[in-house]
Amino acid sequence: PAPVIDGGRLKRYVFHKLRTELPEGPFCILYVHTTVQSDDNNPGMTILRGIYEELPAEYKERLQIFYFLHPGLYSWLAMATLGRLFLSGGLYWKIKYVSRLEYLWGDIKKGEVEIPDFVTEHDKILEHRPLTDYGIEPDPLHLADIPAAGYSLGRYEDKWSPEDRWNSRNYM
């Protein structure tokens, strides 16, 4: 969670990883935003900007793409609009939003990066409920699983006389 791991600690971690594990040549960063809830576990744009701006120029040039996996509607809109103001142009234009793992595998070979189980599980949920990508739960009570009623409104309305239909429309 972000309250436990502050921006300075995250920055030290990223710099350590880059210095110790990064091979020569171009590289990408995968930011997993799966199940992020507000400020609880979200580093935010200002911390991302601080990390990027303190990177040595060599790393900035070698960074090809910053993958943003499972962005919610709010984070995608915030990054797409406010990101132009708060992020440097070098980082802003390197961000690629990836809504599903299958789209990530088009750019990164499957197995090159370790994906936690909760990310894979969340991706399976998104396959069955695609609007969840945008923070919309289309059927929160799961009413689609309930069998349909015997008569629909349309069938019932057909049994009304023409006068009843005319009077009912006047009051709508």
# chains A, B, ... in the order shown; residues from 1 in each chain; ligands from 1
>>> select_by_dssp(residues="segment 60-106 of chain A", states="helix (DSSP H, G or I)", output="list in words")
Lys60, Glu61, Arg62, Leu73, Tyr74, Ser75, Trp76, Leu77, Ala78, Met79, Ala80, Thr81, Gly83, Arg84, Leu85, Phe86, Gly89, Gly90, Leu91, Tyr92, Leu101, Glu102, Tyr103 and Leu104 of chain A
>>> write_last_selection(atoms="C-alpha atoms", output="CSV table (one decimal), in the first residue's frame")
chain,number,residue,atom,x,y,z
A,60,LYS,CA,15.5,7.9,-20.2
A,61,GLU,CA,16.8,7.4,-23.8
A,62,ARG,CA,16.8,3.6,-23.4
A,73,LEU,CA,-11.4,4.6,-16.1
A,74,TYR,CA,-10.4,7.3,-13.6
A,75,SER,CA,-6.7,6.6,-13.8
A,76,TRP,CA,-6.8,6.4,-17.6
A,77,LEU,CA,-8.6,9.7,-17.9
A,78,ALA,CA,-6.3,11.4,-15.3
A,79,MET,CA,-3.2,10.2,-17.1
A,80,ALA,CA,-4.5,11.0,-20.5
A,81,THR,CA,-5.6,14.6,-19.6
A,83,GLY,CA,-0.6,13.7,-17.5
A,84,ARG,CA,0.2,16.2,-20.2
A,85,LEU,CA,0.6,18.9,-17.5
A,86,PHE,CA,2.2,16.8,-14.7
A,89,GLY,CA,6.7,14.9,-22.5
A,90,GLY,CA,9.4,12.2,-22.7
A,91,LEU,CA,7.4,10.0,-20.3
A,92,TYR,CA,3.9,11.0,-21.4
A,101,LEU,CA,-3.0,-9.4,-20.7
A,102,GLU,CA,-3.7,-10.8,-24.1
A,103,TYR,CA,-2.9,-7.4,-25.6
A,104,LEU,CA,0.3,-7.2,-23.6
>>> closest_residue(among="A:Leu63, A:Leu69, A:Leu87, A:Val32", to="Thr46 of chain A", atoms="only C-alpha atoms")
A:Leu87
>>> residues_around(residues="segment 22-29 of chain A", least_positions_apart="5", cutoff="9 Å", atoms="only C-alpha atoms", output="tab-separated table (two decimals) with N, CA and C atoms, in the first residue's frame")
chain	number	residue	atom	x	y	z
A	17	LYS	N	16.65	-1.61	-8.98
A	17	LYS	CA	16.35	-2.60	-10.02
A	17	LYS	C	17.01	-2.23	-11.34
A	59	TYR	N	19.16	6.29	-19.11
A	59	TYR	CA	17.99	5.44	-18.88
A	59	TYR	C	16.75	6.01	-19.59
A	61	GLU	N	16.66	7.67	-22.33
A	61	GLU	CA	16.76	7.37	-23.76
A	61	GLU	C	16.50	5.91	-24.05
A	62	ARG	N	16.92	5.03	-23.17
A	62	ARG	CA	16.75	3.59	-23.39
A	62	ARG	C	15.34	3.11	-23.10
A	63	LEU	N	14.59	3.84	-22.26
A	63	LEU	CA	13.21	3.46	-21.96
A	63	LEU	C	12.36	3.64	-23.22
A	64	GLN	N	11.83	2.54	-23.72
A	64	GLN	CA	11.04	2.58	-24.95
A	64	GLN	C	9.55	2.79	-24.67
A	65	ILE	N	9.00	1.97	-23.76
A	65	ILE	CA	7.56	2.00	-23.49
A	65	ILE	C	7.33	1.81	-21.99
A	66	PHE	N	6.36	2.54	-21.47
A	66	PHE	CA	5.89	2.38	-20.10
A	66	PHE	C	4.49	1.78	-20.21
A	67	TYR	N	4.38	0.46	-20.01
A	67	TYR	CA	3.09	-0.22	-20.11
A	67	TYR	C	2.28	0.04	-18.84
A	68	PHE	N	1.04	0.40	-19.01
A	68	PHE	CA	0.11	0.69	-17.91
A	68	PHE	C	-0.99	-0.37	-17.99
>>> atom_distance(atom1="atom CA of His70 of chain A", atom2="atom CA of Thr20 of chain A")
27.4 Å
